[in-house]
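Novice: Coordinates in start_4.cif, mmCIF, N, CA and C atoms, are listed below.
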```
data_data
#
loop_
_atom_site.label_atom_id
_atom_site.label_comp_id
_atom_site.auth_asym_id
_atom_site.auth_seq_id
_atom_site.Cartn_x
_atom_site.Cartn_y
_atom_site.Cartn_z
N MET A 1 162.04 -54.04 1.06
CA MET A 1 161.49 -52.90 0.38
C MET A 1 160.46 -53.30 -0.66
N LEU A 2 160.70 -54.38 -1.35
CA LEU A 2 159.73 -54.84 -2.34
C LEU A 2 158.77 -55.80 -1.65
N GLY A 3 157.63 -55.30 -1.27
CA GLY A 3 156.65 -56.12 -0.57
C GLY A 3 155.79 -56.91 -1.53
N SER A 4 154.83 -57.60 -0.99
CA SER A 4 153.95 -58.42 -1.82
C SER A 4 152.87 -57.59 -2.50
N ALA A 5 152.68 -56.35 -2.06
CA ALA A 5 151.64 -55.50 -2.63
C ALA A 5 152.20 -54.60 -3.72
N THR A 6 152.99 -55.18 -4.63
CA THR A 6 153.55 -54.41 -5.73
C THR A 6 152.84 -54.76 -7.02
N ARG A 7 152.94 -53.88 -7.98
CA ARG A 7 152.43 -54.18 -9.32
C ARG A 7 153.35 -55.21 -9.95
N LYS A 8 152.78 -56.17 -10.63
CA LYS A 8 153.60 -57.24 -11.18
C LYS A 8 154.20 -56.90 -12.54
N LEU A 9 153.54 -56.04 -13.30
CA LEU A 9 154.06 -55.54 -14.57
C LEU A 9 154.44 -56.65 -15.55
N ASN A 10 153.73 -57.75 -15.52
CA ASN A 10 153.97 -58.89 -16.41
C ASN A 10 155.42 -59.38 -16.37
N ARG A 11 156.01 -59.39 -15.18
CA ARG A 11 157.39 -59.85 -15.02
C ARG A 11 157.45 -60.84 -13.87
N ASP A 12 158.41 -61.76 -13.95
CA ASP A 12 158.60 -62.66 -12.82
C ASP A 12 159.36 -61.91 -11.71
N THR A 13 159.49 -62.53 -10.56
CA THR A 13 160.00 -61.84 -9.39
C THR A 13 161.40 -61.28 -9.58
N GLY A 14 162.30 -62.08 -10.09
CA GLY A 14 163.68 -61.63 -10.25
C GLY A 14 163.81 -60.49 -11.23
N GLU A 15 163.08 -60.58 -12.32
CA GLU A 15 163.13 -59.52 -13.32
C GLU A 15 162.54 -58.23 -12.76
N ARG A 16 161.46 -58.36 -11.98
CA ARG A 16 160.81 -57.18 -11.39
C ARG A 16 161.74 -56.52 -10.37
N LYS A 17 162.40 -57.31 -9.53
CA LYS A 17 163.33 -56.75 -8.55
C LYS A 17 164.48 -56.04 -9.24
N ALA A 18 165.00 -56.63 -10.31
CA ALA A 18 166.09 -56.01 -11.05
C ALA A 18 165.63 -54.70 -11.69
N LEU A 19 164.42 -54.69 -12.22
CA LEU A 19 163.88 -53.48 -12.83
C LEU A 19 163.80 -52.35 -11.81
N PHE A 20 163.21 -52.62 -10.64
CA PHE A 20 163.06 -51.57 -9.64
C PHE A 20 164.40 -51.19 -9.03
N ARG A 21 165.33 -52.13 -8.91
CA ARG A 21 166.67 -51.81 -8.43
C ARG A 21 167.31 -50.79 -9.37
N ASP A 22 167.19 -51.02 -10.67
CA ASP A 22 167.77 -50.11 -11.64
C ASP A 22 167.06 -48.75 -11.65
N LEU A 23 165.73 -48.76 -11.59
CA LEU A 23 164.99 -47.50 -11.61
C LEU A 23 165.28 -46.65 -10.38
N VAL A 24 165.29 -47.27 -9.21
CA VAL A 24 165.56 -46.53 -7.97
C VAL A 24 167.00 -46.03 -7.95
N SER A 25 167.93 -46.85 -8.41
CA SER A 25 169.33 -46.42 -8.46
C SER A 25 169.50 -45.24 -9.40
N ALA A 26 168.84 -45.27 -10.55
CA ALA A 26 168.92 -44.16 -11.49
C ALA A 26 168.29 -42.91 -10.90
N LEU A 27 167.19 -43.05 -10.18
CA LEU A 27 166.53 -41.90 -9.57
C LEU A 27 167.43 -41.27 -8.52
N ILE A 28 168.08 -42.08 -7.70
CA ILE A 28 168.96 -41.55 -6.66
C ILE A 28 170.19 -40.90 -7.30
N THR A 29 170.69 -41.50 -8.36
CA THR A 29 171.89 -40.97 -9.01
C THR A 29 171.61 -39.67 -9.76
N HIS A 30 170.53 -39.63 -10.54
CA HIS A 30 170.28 -38.51 -11.43
C HIS A 30 169.27 -37.50 -10.90
N GLY A 31 168.47 -37.87 -9.92
CA GLY A 31 167.49 -36.94 -9.37
C GLY A 31 166.13 -36.98 -10.03
N ARG A 32 166.07 -37.42 -11.29
CA ARG A 32 164.79 -37.57 -11.97
C ARG A 32 164.94 -38.55 -13.12
N ILE A 33 163.86 -39.30 -13.38
CA ILE A 33 163.84 -40.26 -14.48
C ILE A 33 162.48 -40.19 -15.15
N GLU A 34 162.40 -40.66 -16.39
CA GLU A 34 161.12 -40.76 -17.09
C GLU A 34 160.84 -42.22 -17.36
N THR A 35 159.63 -42.66 -17.03
CA THR A 35 159.22 -44.04 -17.22
C THR A 35 157.71 -44.08 -17.35
N THR A 36 157.13 -45.27 -17.44
CA THR A 36 155.67 -45.36 -17.53
C THR A 36 155.05 -45.04 -16.17
N VAL A 37 153.77 -44.74 -16.17
CA VAL A 37 153.10 -44.33 -14.93
C VAL A 37 153.10 -45.45 -13.91
N ALA A 38 152.83 -46.69 -14.32
CA ALA A 38 152.80 -47.80 -13.38
C ALA A 38 154.17 -48.02 -12.73
N LYS A 39 155.21 -47.98 -13.54
CA LYS A 39 156.56 -48.14 -12.99
C LYS A 39 156.93 -46.95 -12.10
N ALA A 40 156.47 -45.76 -12.48
CA ALA A 40 156.76 -44.56 -11.70
C ALA A 40 156.14 -44.64 -10.31
N LYS A 41 154.91 -45.12 -10.23
CA LYS A 41 154.23 -45.20 -8.93
C LYS A 41 154.94 -46.19 -8.01
N GLU A 42 155.36 -47.31 -8.53
CA GLU A 42 156.08 -48.29 -7.72
C GLU A 42 157.46 -47.76 -7.32
N THR A 43 158.12 -47.09 -8.25
CA THR A 43 159.44 -46.54 -7.96
C THR A 43 159.33 -45.49 -6.86
N LYS A 44 158.27 -44.70 -6.87
CA LYS A 44 158.04 -43.70 -5.84
C LYS A 44 157.90 -44.35 -4.46
N LYS A 45 157.10 -45.42 -4.39
CA LYS A 45 156.90 -46.09 -3.11
C LYS A 45 158.21 -46.64 -2.56
N ILE A 46 158.99 -47.27 -3.41
CA ILE A 46 160.23 -47.88 -2.97
C ILE A 46 161.24 -46.81 -2.57
N THR A 47 161.35 -45.75 -3.35
CA THR A 47 162.31 -44.69 -3.06
C THR A 47 161.95 -43.95 -1.77
N ASP A 48 160.67 -43.68 -1.57
CA ASP A 48 160.26 -43.02 -0.32
C ASP A 48 160.63 -43.88 0.89
N GLY A 49 160.45 -45.18 0.77
CA GLY A 49 160.83 -46.08 1.85
C GLY A 49 162.33 -46.07 2.10
N LEU A 50 163.11 -46.02 1.03
CA LEU A 50 164.57 -46.00 1.18
C LEU A 50 165.05 -44.69 1.80
N VAL A 51 164.44 -43.57 1.41
CA VAL A 51 164.83 -42.29 2.00
C VAL A 51 164.48 -42.27 3.48
N ALA A 52 163.32 -42.78 3.83
CA ALA A 52 162.94 -42.85 5.25
C ALA A 52 163.92 -43.73 6.01
N LEU A 53 164.35 -44.80 5.39
CA LEU A 53 165.34 -45.69 6.01
C LEU A 53 166.67 -44.96 6.16
N ALA A 54 167.06 -44.20 5.14
CA ALA A 54 168.33 -43.48 5.19
C ALA A 54 168.30 -42.38 6.24
N LEU A 55 167.14 -41.84 6.55
CA LEU A 55 167.05 -40.81 7.58
C LEU A 55 167.39 -41.36 8.95
N ARG A 56 167.18 -42.67 9.15
CA ARG A 56 167.60 -43.28 10.41
C ARG A 56 169.11 -43.23 10.54
N GLY A 57 169.80 -43.56 9.45
CA GLY A 57 171.24 -43.37 9.40
C GLY A 57 172.10 -44.38 10.12
N ASP A 58 171.53 -45.39 10.72
CA ASP A 58 172.36 -46.36 11.45
C ASP A 58 172.86 -47.46 10.51
N VAL A 59 173.68 -48.33 11.04
CA VAL A 59 174.32 -49.38 10.24
C VAL A 59 173.28 -50.37 9.73
N ALA A 60 172.30 -50.69 10.54
CA ALA A 60 171.26 -51.63 10.12
C ALA A 60 170.46 -51.06 8.94
N ALA A 61 170.17 -49.78 8.99
CA ALA A 61 169.45 -49.14 7.89
C ALA A 61 170.29 -49.15 6.62
N ARG A 62 171.58 -48.90 6.76
CA ARG A 62 172.47 -48.91 5.60
C ARG A 62 172.54 -50.32 4.99
N ARG A 63 172.55 -51.33 5.81
CA ARG A 63 172.60 -52.71 5.31
C ARG A 63 171.29 -53.09 4.63
N ARG A 64 170.17 -52.65 5.18
CA ARG A 64 168.88 -52.93 4.54
C ARG A 64 168.77 -52.23 3.19
N ALA A 65 169.28 -51.02 3.09
CA ALA A 65 169.28 -50.31 1.82
C ALA A 65 170.21 -50.99 0.83
N ALA A 66 171.33 -51.48 1.30
CA ALA A 66 172.29 -52.15 0.42
C ALA A 66 171.75 -53.47 -0.12
N ARG A 67 170.79 -54.06 0.58
CA ARG A 67 170.16 -55.29 0.07
C ARG A 67 169.40 -55.03 -1.21
N LEU A 68 168.77 -53.88 -1.31
CA LEU A 68 168.03 -53.55 -2.53
C LEU A 68 168.92 -52.90 -3.57
N LEU A 69 169.73 -51.96 -3.16
CA LEU A 69 170.60 -51.23 -4.09
C LEU A 69 171.94 -51.95 -4.16
N ALA A 70 172.21 -52.56 -5.29
CA ALA A 70 173.41 -53.38 -5.41
C ALA A 70 174.69 -52.56 -5.46
N ASP A 71 174.61 -51.31 -5.89
CA ASP A 71 175.80 -50.48 -6.07
C ASP A 71 176.12 -49.73 -4.78
N PRO A 72 177.29 -49.96 -4.18
CA PRO A 72 177.64 -49.25 -2.95
C PRO A 72 177.76 -47.74 -3.13
N VAL A 73 178.07 -47.28 -4.34
CA VAL A 73 178.15 -45.84 -4.59
C VAL A 73 176.77 -45.20 -4.45
N VAL A 74 175.73 -45.90 -4.92
CA VAL A 74 174.36 -45.37 -4.81
C VAL A 74 173.92 -45.34 -3.35
N VAL A 75 174.28 -46.37 -2.59
CA VAL A 75 173.94 -46.40 -1.16
C VAL A 75 174.62 -45.24 -0.44
N LYS A 76 175.88 -45.01 -0.76
CA LYS A 76 176.61 -43.92 -0.12
C LYS A 76 175.98 -42.57 -0.48
N ARG A 77 175.59 -42.40 -1.73
CA ARG A 77 174.94 -41.15 -2.15
C ARG A 77 173.60 -40.96 -1.45
N LEU A 78 172.85 -42.05 -1.30
CA LEU A 78 171.55 -41.98 -0.61
C LEU A 78 171.73 -41.47 0.82
N PHE A 79 172.70 -42.02 1.54
CA PHE A 79 172.88 -41.66 2.93
C PHE A 79 173.62 -40.34 3.12
N ALA A 80 174.54 -40.01 2.21
CA ALA A 80 175.36 -38.81 2.39
C ALA A 80 174.76 -37.56 1.77
N GLU A 81 174.06 -37.69 0.64
CA GLU A 81 173.59 -36.50 -0.07
C GLU A 81 172.07 -36.37 -0.10
N VAL A 82 171.36 -37.46 -0.34
CA VAL A 82 169.91 -37.37 -0.52
C VAL A 82 169.19 -37.23 0.82
N ALA A 83 169.47 -38.10 1.76
CA ALA A 83 168.74 -38.11 3.03
C ALA A 83 168.91 -36.82 3.84
N PRO A 84 170.10 -36.22 3.91
CA PRO A 84 170.21 -34.98 4.71
C PRO A 84 169.32 -33.84 4.21
N LYS A 85 168.95 -33.84 2.93
CA LYS A 85 168.06 -32.80 2.40
C LYS A 85 166.67 -32.85 3.03
N TYR A 86 166.27 -34.04 3.48
CA TYR A 86 164.91 -34.25 3.98
C TYR A 86 164.88 -34.44 5.50
N GLN A 87 165.83 -33.87 6.20
CA GLN A 87 165.96 -34.10 7.64
C GLN A 87 164.70 -33.70 8.39
N ARG A 88 164.04 -32.62 8.00
CA ARG A 88 162.86 -32.16 8.73
C ARG A 88 161.57 -32.69 8.14
N GLY A 89 161.62 -33.33 6.97
CA GLY A 89 160.41 -33.76 6.29
C GLY A 89 159.78 -35.00 6.90
N ARG A 90 158.52 -35.20 6.58
CA ARG A 90 157.81 -36.39 7.04
C ARG A 90 157.12 -37.05 5.87
N GLY A 91 157.90 -37.56 4.95
CA GLY A 91 157.33 -38.23 3.78
C GLY A 91 157.25 -37.29 2.59
N GLY A 92 156.83 -37.83 1.47
CA GLY A 92 156.71 -37.03 0.26
C GLY A 92 158.04 -36.63 -0.32
N TYR A 93 158.98 -37.55 -0.35
CA TYR A 93 160.32 -37.25 -0.82
C TYR A 93 160.42 -37.26 -2.33
N THR A 94 159.47 -37.89 -3.00
CA THR A 94 159.48 -37.96 -4.46
C THR A 94 158.15 -37.48 -5.01
N ARG A 95 158.15 -37.16 -6.30
CA ARG A 95 156.93 -36.69 -6.95
C ARG A 95 156.82 -37.38 -8.31
N VAL A 96 155.59 -37.70 -8.70
CA VAL A 96 155.31 -38.28 -10.01
C VAL A 96 154.49 -37.27 -10.80
N VAL A 97 154.99 -36.89 -11.97
CA VAL A 97 154.31 -35.93 -12.84
C VAL A 97 154.05 -36.62 -14.18
N ARG A 98 152.78 -36.74 -14.53
CA ARG A 98 152.44 -37.36 -15.82
C ARG A 98 152.81 -36.41 -16.94
N THR A 99 153.40 -36.96 -18.02
CA THR A 99 153.91 -36.07 -19.05
C THR A 99 153.23 -36.24 -20.40
N ARG A 100 153.28 -37.41 -21.00
CA ARG A 100 152.86 -37.56 -22.39
C ARG A 100 152.52 -39.01 -22.67
N ALA A 101 152.04 -39.25 -23.88
CA ALA A 101 151.84 -40.62 -24.35
C ALA A 101 153.06 -41.00 -25.18
N ARG A 102 153.62 -42.16 -24.93
CA ARG A 102 154.79 -42.60 -25.67
C ARG A 102 154.42 -42.85 -27.12
N ARG A 103 155.29 -42.49 -28.02
CA ARG A 103 154.96 -42.53 -29.44
C ARG A 103 154.73 -43.94 -29.96
N GLY A 104 155.53 -44.89 -29.54
CA GLY A 104 155.44 -46.24 -30.10
C GLY A 104 154.19 -47.00 -29.74
N ASP A 105 153.79 -46.95 -28.47
CA ASP A 105 152.64 -47.74 -28.03
C ASP A 105 151.60 -46.94 -27.25
N ALA A 106 151.75 -45.64 -27.20
CA ALA A 106 150.82 -44.74 -26.52
C ALA A 106 150.70 -45.01 -25.02
N SER A 107 151.74 -45.58 -24.43
CA SER A 107 151.76 -45.75 -22.97
C SER A 107 151.90 -44.39 -22.32
N GLU A 108 151.19 -44.21 -21.23
CA GLU A 108 151.26 -42.93 -20.52
C GLU A 108 152.58 -42.87 -19.76
N MET A 109 153.33 -41.81 -19.99
CA MET A 109 154.65 -41.63 -19.39
C MET A 109 154.57 -40.66 -18.22
N ALA A 110 155.56 -40.76 -17.33
CA ALA A 110 155.62 -39.88 -16.18
C ALA A 110 157.07 -39.62 -15.81
N ILE A 111 157.30 -38.50 -15.16
CA ILE A 111 158.61 -38.18 -14.62
C ILE A 111 158.54 -38.39 -13.11
N VAL A 112 159.52 -39.11 -12.60
CA VAL A 112 159.66 -39.28 -11.15
C VAL A 112 160.87 -38.46 -10.75
N GLU A 113 160.71 -37.60 -9.74
CA GLU A 113 161.84 -36.78 -9.32
C GLU A 113 161.87 -36.66 -7.82
N LEU A 114 163.07 -36.46 -7.31
CA LEU A 114 163.25 -36.21 -5.89
C LEU A 114 162.85 -34.76 -5.63
N VAL A 115 162.01 -34.54 -4.66
CA VAL A 115 161.54 -33.19 -4.32
C VAL A 115 162.67 -32.49 -3.58
N SER A 116 162.99 -31.28 -4.02
CA SER A 116 164.10 -30.58 -3.35
C SER A 116 163.63 -29.48 -2.45
#
```
With the file now loaded, output its structure as structure tokens.
Specialist:
Amino acid sequence: MLGSATRKLNRDTGERKALFRDLVSALITHGRIETTVAKAKETKKITDGLVALALRGDVAARRRAARLLADPVVVKRLFAEVAPKYQRGRGGYTRVVRTRARRGDASEMAIVELVS
């Protein structure tokens, strides 16, 4: 899921994978998260790929999703609750909405949410 064409975000590989694992897991669990625009765009790409994988629904797809998402509860939620909502869709499972500038460093913030 994390290909070579990702934003590096000034992090080494392990830290970046852990960051996106946490962001995607939070998005699947809560339905929407707020983060910076760069992180939001990457999280959208990864989550859309995982939802497309979950739509396949086979054991191999579940194992590939479990490689990225460390928590089995999140994998189960992805396959049981999130993917069935998009059965007829062809992409566009998430949306990024720019919101505000963060107060501390004026970073542009965005909300990433699962489209219902």
Novice: Any idea what's packed within 7 Å of Phe79 (chain A), counting only C-alpha atoms, ignoring anything in its chain fewer than 4 positions away? Could you give it as a PyMOL selection string?
Specialist: chain A and resi 54+57+75+83
Novice: From a backbone DSSP assignment, name each residue in chain A labelled strand (DSSP E), as an mmCIF file with N, CA and C atoms, in the coordinates of the input.
Specialist:
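Saved to states39.cif:
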```
data_model
loop_
_atom_site.group_PDB
_atom_site.id
_atom_site.type_symbol
_atom_site.label_atom_id
_atom_site.label_comp_id
_atom_site.auth_asym_id
_atom_site.auth_seq_id
_atom_site.Cartn_x
_atom_site.Cartn_y
_atom_site.Cartn_z
ATOM 1 N N ARG A 32 166.070 -37.420 -11.290
ATOM 2 C CA ARG A 32 164.790 -37.570 -11.970
ATOM 3 C C ARG A 32 164.940 -38.550 -13.120
ATOM 4 N N ILE A 33 163.860 -39.300 -13.380
ATOM 5 C CA ILE A 33 163.840 -40.260 -14.480
ATOM 6 C C ILE A 33 162.480 -40.190 -15.150
ATOM 7 N N GLU A 34 162.400 -40.660 -16.390
ATOM 8 C CA GLU A 34 161.120 -40.760 -17.090
ATOM 9 C C GLU A 34 160.840 -42.220 -17.360
ATOM 10 N N THR A 35 159.630 -42.660 -17.030
ATOM 11 C CA THR A 35 159.220 -44.040 -17.220
ATOM 12 C C THR A 35 157.710 -44.080 -17.350
ATOM 13 N N THR A 36 157.130 -45.270 -17.440
ATOM 14 C CA THR A 36 155.670 -45.360 -17.530
ATOM 15 C C THR A 36 155.050 -45.040 -16.170
ATOM 16 N N THR A 94 159.470 -37.890 -3.000
ATOM 17 C CA THR A 94 159.480 -37.960 -4.460
ATOM 18 C C THR A 94 158.150 -37.480 -5.010
ATOM 19 N N ARG A 95 158.150 -37.160 -6.300
ATOM 20 C CA ARG A 95 156.930 -36.690 -6.950
ATOM 21 C C ARG A 95 156.820 -37.380 -8.310
ATOM 22 N N VAL A 96 155.590 -37.700 -8.700
ATOM 23 C CA VAL A 96 155.310 -38.280 -10.010
ATOM 24 C C VAL A 96 154.490 -37.270 -10.800
ATOM 25 N N VAL A 97 154.990 -36.890 -11.970
ATOM 26 C CA VAL A 97 154.310 -35.930 -12.840
ATOM 27 C C VAL A 97 154.050 -36.620 -14.180
ATOM 28 N N ARG A 98 152.780 -36.740 -14.530
ATOM 29 C CA ARG A 98 152.440 -37.360 -15.820
ATOM 30 C C ARG A 98 152.810 -36.410 -16.940
ATOM 31 N N THR A 99 153.400 -36.960 -18.020
ATOM 32 C CA THR A 99 153.910 -36.070 -19.050
ATOM 33 C C THR A 99 153.230 -36.240 -20.400
ATOM 34 N N ARG A 100 153.280 -37.410 -21.000
ATOM 35 C CA ARG A 100 152.860 -37.560 -22.390
ATOM 36 C C ARG A 100 152.520 -39.010 -22.670
ATOM 37 N N ALA A 101 152.040 -39.250 -23.880
ATOM 38 C CA ALA A 101 151.840 -40.620 -24.350
ATOM 39 C C ALA A 101 153.060 -41.000 -25.180
ATOM 40 N N GLU A 108 151.190 -44.210 -21.230
ATOM 41 C CA GLU A 108 151.260 -42.930 -20.520
ATOM 42 C C GLU A 108 152.580 -42.870 -19.760
ATOM 43 N N MET A 109 153.330 -41.810 -19.990
ATOM 44 C CA MET A 109 154.650 -41.630 -19.390
ATOM 45 C C MET A 109 154.570 -40.660 -18.220
ATOM 46 N N ALA A 110 155.560 -40.760 -17.330
ATOM 47 C CA ALA A 110 155.620 -39.880 -16.180
ATOM 48 C C ALA A 110 157.070 -39.620 -15.810
ATOM 49 N N ILE A 111 157.300 -38.500 -15.160
ATOM 50 C CA ILE A 111 158.610 -38.180 -14.620
ATOM 51 C C ILE A 111 158.540 -38.390 -13.110
ATOM 52 N N VAL A 112 159.520 -39.110 -12.600
ATOM 53 C CA VAL A 112 159.660 -39.280 -11.150
ATOM 54 C C VAL A 112 160.870 -38.460 -10.750
ATOM 55 N N GLU A 113 160.710 -37.600 -9.740
ATOM 56 C CA GLU A 113 161.840 -36.780 -9.320
ATOM 57 C C GLU A 113 161.870 -36.660 -7.820
ATOM 58 N N LEU A 114 163.070 -36.460 -7.310
ATOM 59 C CA LEU A 114 163.250 -36.210 -5.890
ATOM 60 C C LEU A 114 162.850 -34.760 -5.630
#
```
Novice: The PyMOL selection byres (((chain A and resi 71 and name CA) around 12) and name CA) - which residues does that actually catch in the file I just gave you? List them as a PyMOL selection string.
Specialist: chain A and resi 21-22+24-26+28-29+65-70+72-78
Novice: Taking 6 positions as the minimum chain separation for residues in the same chain, which residues sit within 8 Å of Lys41 (chain A) when counting all atoms listed in the file? Answer as a PyMOL selection string.
Specialist: chain A and resi 7+35+47+96+110+112
Novice: Find, counting only C-alpha atoms, the residue in A:Leu55, A:Ile33, A:Ala40, A:Leu50 that gets nearest to Arg88 (chain A).
Specialist: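 Result for the nearest residue to Arg88 (chain A): A:Leu55.
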Novice: What residues come out when you apply the PyMOL selection byres (((chain A and resi 109 and name CA) around 9) and name CA) to this file, written as a ChimeraX atom specification?
Specialist: /A:34-38,40,97-102,106-108,110-111
Novice: Can you work out the spacing between CA of Lys45 (chain A) and CA of Arg103 (chain A) in Å, to one decimal?
Specialist: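 Here the two named atoms are 26.6 Å from each other.
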Novice: Build an axis-aligned box that encloses every atom of region 105-108 of chain A listed in the file, pad it by 4 Å on each side, and report its centre and edge lengths in Å to one decimal, as JSON.
Specialist:
```
{"center_x": 152.2, "center_y": -45.3, "center_z": -24.1, "size_x": 11.1, "size_y": 12.9, "size_z": 16.7}
```
Novice: For a quick check of understanding, using only C-alpha atoms, which of A:Phe20, A:Arg90, A:Asp58, A:Asp105 has the smallest distance to Ile46 (chain A)?
Specialist: A:Phe20
Novice: Could you please determine the separation between atom C of Leu53 (chain A) and atom N of Arg16 (chain A) in Å, to one decimal place?
Specialist: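 These atoms are spaced 23.1 Å apart.
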Novice: Calculated over all atoms listed in the file, which of the candidates A:Ser116, A:Arg62, A:Gly92, A:Glu42 has the smallest distance to Thr6 (chain A)?
Specialist: A:Glu42
Novice: Got a sec to tell me which of chain A DSSP assigns to helix (DSSP H, G or I), as a VMD selection string?
Specialist: chain A and resid 13 to 30 37 to 56 59 to 68 72 to 85
Novice: Please indicate the distance in Å from atom C of Ala61 (chain A) to CA of Asp12 (chain A), rounded to one decimal place.
Specialist: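 About the pair atom C of Ala61 (chain A) and CA of Asp12 (chain A): they are 26.4 Å apart.
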Novice: Check the smallest atom-to-atom distance from each of A:Tyr93, A:Gly14, A:Glu81, A:Val115 to Val51 (chain A) using only C-alpha atoms, then report the winner.
Specialist: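 Checking each of A:Tyr93, A:Gly14, A:Glu81, A:Val115 against Val51 (chain A), counting only C-alpha atoms, the winner is A:Tyr93.
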